[in-house]
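Visitor: Take a look at the following structure, please.
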Protein chains: 2
Amino acid sequence: MSKRIGRQTLALPSAPGIRSAASVVGKKEGEGPLKDGFDRISEDSYFGEESWEKAESSMLRQAFTLACGKAKLAPSSLDYVLAGDLLNQCVSSSFALRDSGVPHLGLYGACSTMAEGLVLGALLLDGGFAASVCAITGSHFCAAERQYRFPLEYGGQRTPSSQWTVTGAGAVILGRHGGRLRIPLVTPGRIVDAGITDPSNMGAAMAPAAYDTLSAHFADTGRTAKDYDAIFTGDLGALGHDLLETLFRDAGQELGPGYQDCGVLIYDPATQNVNAGGSGCGCSASVLCGHILPGMGRGLWKRVLFAATGALMSPTSAMQGESIPGICHAVVIERED
Amino acid sequence: MSKRIGRQTLALPSAPGIRSAASVVGKKEGEGPLKDGFDRISEDSYFGEESWEKAESSMLRQAFTLACGKAKLAPSSLDYVLAGDLLNQCVSSSFALRDSGVPHLGLYGACSTMAEGLVLGALLLDGGFAASVCAITGSHFCAAERQYRFPLEYGGQRTPSSQWTVTGAGAVILGRHGGRLRIPLVTPGRIVDAGITDPSNMGAAMAPAAYDTLSAHFADTGRTAKDYDAIFTGDLGALGHDLLETLFRDAGQELGPGYQDCGVLIYDPATQNVNAGGSGCGCSASVLCGHILPGMGRGLWKRVLFAATGALMSPTSAMQGESIPGICHAVVIERED
């Protein structure tokens, strides 16, 4: 039997449940509009560690431990961890989980990693391969800046289209049983390269991928944006958000007032000096765990489409003149009453 | 229903089949003991591209196209590509597949990536989520050297324990139907960190992870090494190969004469100056596609345990004094007569 609907959407008969979610963020994120939703806010950018890379690992470990605690699960009782991050060779997630004793499936989806983890985790549960899995990812502004851009001490200027890498981590525990929030449908995405070559304009590079996945999702399911109380892309930022609306408008469709972007939501553009908004694996992950899922729990939204986006480039590929391929994976989350 | 056997092994009732496999390697690999098995050998380390990173991408694209051709599948008819590599942000696999039009699930398992892709691909097929998927990965000596170690022009000395990154790519097309070679069992691995801090001794860092996964596989299934015509780890190299034998011997078990390592097989230690042997995502991938699977097709082995290993470190983590976590994912491949 195939669970395929249309071109690339999958229906999950068991609708795996979200048992718990946890978010840990940095000081700046803890001063933003979503501050009340995060489980833990660190005033220390080092999270008590000696380096920002180790801080990122520590933040991920904290999110993992918090999520397991909320689900009342011993970490070692998890069947799989699906984890990835932005650091070279995904070291922050690997080091965060090296002592977990849980079979580890490493992912690389750039800023789409949380959605990729939810997609694969839900499939492993629906396929009968697991009873509980954890999808986890995060990013750290300082570690990302020095890896991707310049040493912070250099004080490089940022273009208006640039985004601010979120210092944050999110962990979601999915279970075959339990949880009022369920995942009945997923739409894994294809790589879309629109030829954008400016690494300071990720929104423009990722918006076409978001359009490709969301339009496939709508075509596959016969749904429109109206069928969702909210659609969250992440992290297109302000420019990518508007570009995606334009792409749909040009195709004769409206995303409507329920469409928001994680990169726009996490900071206050008026006071936090983040240019086009937030980015990084930790952006959609912390917004999902600290804002979207808690909001669904409180009844703000009953049916949500979570569509995290990623830019699949590296400093080397940018220096070699390559354009920036984008990707977007979409996950439907519904509250059962 | 759960498909779990024991602690971490999964039985796949449908035993997904291997429809085709293809390998593309560089000049040095094409001069080694396995040269007759590779589909394509490039005399040009640039594969006609302007940079070694783009060469790695080109090599992956060639392997992908060859594997689809052998399976008589249009690339766009694949349900998923499971792809990863060693370059920062996995750019070689993302760029290789950006025009494929296939839903893309990015993986990071370091040199274990081919096994991770086979594990996830087999689960997606057995779960009814796909009809055909491609697992693909590769590495390039020159791109890896300048990213991980030194510019080639520097001519740095190599320690006896160091391994030589394979310039090679492998692509496997898995299908729910078809193929005499089937995957009935998989054992995804946990991260194991034995405290090794020498990046020039990956074999010692990965052997404990191989021991952890293989011993779990044996315990879960009630099998021993004798139940397999051949066991291939990869890429532990000569030192890691012997260390793994010692670890099992200390536990009162023997891996026996059928135990081999992809990193040992791919080069001739007497003439190719590779110290402890081959490594890199492309090592186990090209040995699987160019030696193991063709050998099984010819009847050399009927039941094989393929256990690719990865070292989950980065130059930054090594410079920050972190030890090197290892991981190993195991896949059972059987020939149906």
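Letters A, B, ... go to the chains of the structure tokens in the order shown; residues in each chain start at 1; ligands are counted from 1 in the same order.
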Can you tell me, as a count of residues only, which residues in region 18-77 of chain A count as strand (DSSP E) by DSSP?
Guide: 10
Visitor: Using 6 Å as the limit and counting only C-alpha atoms, can you tabulate each residue of chain A that touches chain B, with its shortest atom-to-atom distance in Å and the two atoms involved, as a Markdown table?
Guide:
| residue | atom | partner | partner_atom | distance |
| --- | --- | --- | --- | --- |
| A:Met1 | CA | B:Gly128 | CA | 5.9 |
| A:Ser2 | CA | B:Gly128 | CA | 5.0 |
| A:Lys3 | CA | B:Phe129 | CA | 5.6 |
| A:Asn88 | CA | B:Asn88 | CA | 5.1 |
| A:Gln89 | CA | B:Ser314 | CA | 5.7 |
| A:Arg98 | CA | B:Ile191 | CA | 5.1 |
| A:Gly101 | CA | B:Arg190 | CA | 6.0 |
| A:Val102 | CA | B:Arg190 | CA | 5.5 |
| A:Pro103 | CA | B:Arg190 | CA | 4.0 |
| A:His104 | CA | B:Arg190 | CA | 5.3 |
| A:Gly106 | CA | B:Tyr108 | CA | 4.8 |
| A:Leu107 | CA | B:Leu107 | CA | 4.2 |
| A:Tyr108 | CA | B:Gly106 | CA | 4.8 |
| A:Gly109 | CA | B:Gly106 | CA | 5.6 |
| A:Gly127 | CA | B:Gly127 | CA | 4.4 |
| A:Gly128 | CA | B:Ser2 | CA | 5.0 |
| A:Phe129 | CA | B:Lys3 | CA | 5.6 |
| A:Pro188 | CA | B:Pro103 | CA | 5.9 |
| A:Gly189 | CA | B:Pro103 | CA | 4.9 |
| A:Arg190 | CA | B:Pro103 | CA | 4.0 |
| A:Ile191 | CA | B:Arg98 | CA | 5.1 |
| A:Ser314 | CA | B:Gln89 | CA | 5.7 |
Visitor: If we count only C-alpha atoms, what is near Phe248 (chain B) at a cut-off of 12 Å, once residues fewer than 2 positions away on the same chain are taken out, given as a PyMOL selection string?
Guide: chain B and resi 207-208+210-215+218+224-225+241-246+250-256+259
Visitor: Could you pull the residues within 7 Å of region 29-41 of chain A, counting only C-alpha atoms, minus those fewer than 6 positions along the same chain, as a PyMOL selection string?
Guide: chain A and resi 22-23+266-268+290-291
Visitor: Filtering to N, CA and C atoms, could you give me those residues as a short mmCIF file (atom, residue, chain, number, x, y, z; two decimals), in the first residue's frame?
Guide:
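So the final result, stored in result-v5.cif, reads:
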data_model
loop_
_atom_site.label_atom_id
_atom_site.label_comp_id
_atom_site.auth_asym_id
_atom_site.auth_seq_id
_atom_site.Cartn_x
_atom_site.Cartn_y
_atom_site.Cartn_z
N ALA A 22 10.39 21.40 23.88
CA ALA A 22 11.11 22.31 24.77
C ALA A 22 11.99 23.25 23.95
N SER A 23 12.15 24.46 24.47
CA SER A 23 12.98 25.46 23.78
C SER A 23 13.91 26.14 24.77
N ILE A 266 10.21 36.19 15.74
CA ILE A 266 11.04 36.01 16.93
C ILE A 266 11.68 37.28 17.47
N TYR A 267 11.88 38.30 16.60
CA TYR A 267 12.48 39.56 17.06
C TYR A 267 11.53 40.73 16.80
N ASP A 268 11.75 41.82 17.53
CA ASP A 268 11.01 43.05 17.29
C ASP A 268 11.84 43.91 16.33
N GLY A 290 8.46 27.06 21.26
CA GLY A 290 8.18 28.09 22.26
C GLY A 290 6.95 28.93 21.96
N HIS A 291 6.43 28.82 20.73
CA HIS A 291 5.30 29.68 20.34
C HIS A 291 4.17 28.90 19.66
#
